[in-house]
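Single-structure report; data block below.
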Amino acid sequence: MSFGVTIAFIAAVLGATAAILCPSIIAAQQIASGSGADVAAWVQAVGAILAIVAGFATLAIQTILQRKAADEERRAIAEAACLLAFDALETVSDRLENALTPPDETKLLSLQGNRTTEMVSAMREFDTSRLPATLLSDFIRVRTHVYAINEKITEVYDSEEKRPGRKSREKSERRKRFVSTIRARSNAIELFNHLQTSGTAYGLERKDVSTGPHLANYINELRDYVAASSTEQ
């Protein structure tokens with residue numbers, strides 16, 4: 001409940017209390033004097049005041065409930081966006097892990113590319129107009145990175161299939177072709193973590209994107225290579 005809504009609710013309660021208490025004191029004095037006409041007038045006045053107080057209190061309660069419903073809707077939308085981004089990163093990471101797995105260890109995952117494409121489509125179809133402004137930029141940028149990673153993997157696979165005579169050579173060079181893809185994934189995870197940080201304002205729990213063993217080894221190799229190159233310079 002916001003501070004303004006809380007103040008409105010307290011004001012409503014105090015107003016209702018004052019509206020009932022003051023006429024009651026006056027009525028007590030009038031009844032004591034034995035004036036029947038005054039008592040009738042008092043009853044009519046109290047009825048009018050109570051009607052006003054009831055209307056004011058109802059409005060205050062409706063405002064609180066509407067604000068609560070709006071907060072819950074924003075939380076649900078924020079949670080959906082974060083979960084969708086997480087699932088998309090998990091799926092594309094699994095596909096990249098499989099692409100970096102040696103041929104003799106590669107599992108048959110023919111639908112992996114389709115699943116990743118579906119996740120990208122789901123992110124594109126997500127109604128960002130309802131997304132809180134603090135989450136909008138990061139969500140869109142994560143979506144762009146996931147799409148780029150998936151497209152690069154597809155491009156590598158397609159080029160290997162189109163040149164069957166050079167398939168073995170193409171596979172041996174596959175790791176070199178994924179350097180930019182690894183960087184895109186790192187940027188996507190950084191953006192996703194920032195998205196989650198913004199999402200904590202809505203009570204969302206943080207999640208860590210998993211990294212398979214072959215993907216982790218490749219990331220370490222690239223890190224060592226960059227470190228060695230920097231030292232030589």
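Numbering starts fresh at 1 for the residues of each chain in the structure tokens, the chains themselves are lettered A, B, ... in the order given, and ligands are numbered from 1 as they appear.
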Exercise for the section: Name all residues at most 10 Å from Arg185 of chain A (count only C-alpha atoms; drop same-chain ones fewer than 5 positions away) and give them as JSON, numbers by chain. Expected result: {"A": [89, 92, 93, 96, 142, 145, 146, 148, 149, 180, 190, 191]}
Practice task
Identify, on the basis of only C-alpha atoms, every residue whose closest approach to Ser121 of chain A does not exceed 12 Å; exclude the query and any residue fewer than 3 positions from it along the same chain; express the result as a PyMOL selection string.
Solution key: chain A and resi 84-85+88+114-118+124-127+143-144+146-147+150
Atoms to include: C-alpha atoms. Write the selected residues as a PDB file, in the first residue's frame.
```pdb
ATOM      1  CA  LEU A  84      10.807 -15.986 -20.234  1.00  0.00           C
ATOM      2  CA  ALA A  85      14.241 -14.376 -20.522  1.00  0.00           C
ATOM      3  CA  ALA A  88      15.402 -18.424 -23.469  1.00  0.00           C
ATOM      4  CA  ASN A 114      13.444 -25.291 -33.000  1.00  0.00           C
ATOM      5  CA  ARG A 115      12.978 -24.928 -29.249  1.00  0.00           C
ATOM      6  CA  THR A 116      15.338 -21.975 -29.136  1.00  0.00           C
ATOM      7  CA  THR A 117      13.572 -20.356 -32.083  1.00  0.00           C
ATOM      8  CA  GLU A 118      10.258 -20.824 -30.290  1.00  0.00           C
ATOM      9  CA  ARG A 124       8.973 -11.218 -29.469  1.00  0.00           C
ATOM     10  CA  GLU A 125       5.263 -11.843 -28.898  1.00  0.00           C
ATOM     11  CA  PHE A 126       5.462 -10.777 -25.257  1.00  0.00           C
ATOM     12  CA  ASP A 127       3.395  -7.627 -24.699  1.00  0.00           C
ATOM     13  CA  ARG A 143      15.864 -10.866 -26.567  1.00  0.00           C
ATOM     14  CA  THR A 144      18.098  -9.374 -29.262  1.00  0.00           C
ATOM     15  CA  VAL A 146      19.374 -14.543 -27.697  1.00  0.00           C
ATOM     16  CA  TYR A 147      18.181 -14.159 -31.276  1.00  0.00           C
ATOM     17  CA  ASN A 150      20.643 -18.701 -32.071  1.00  0.00           C
TER      18      ASN A 150
END
```
Exercise for the section: Report as a count of residues only: the residues of segment 36-219 of chain A with a DSSP assignment of helix (DSSP H, G or I), based on the backbone of this structure. Expected result: 156
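Closest approach to Thr154 of chain A from the set A:Thr181, A:Asn193, A:Ser186, A:Ser210 is made by A:Thr181, with distances taken over only C-alpha atoms.
Counting from atom CA of His214 of chain A, the distance to atom CA of Glu97 of chain A is 6.1 Å.
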Problem - Shortest interatomic distance to Phe178 of chain A - which of A:Ala51, A:Thr91, A:Asp71, A:Leu100, counting only C-alpha atoms - result: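 Looking only at the distances to Phe178 of chain A, the closest residue turns out to be A:Leu100.
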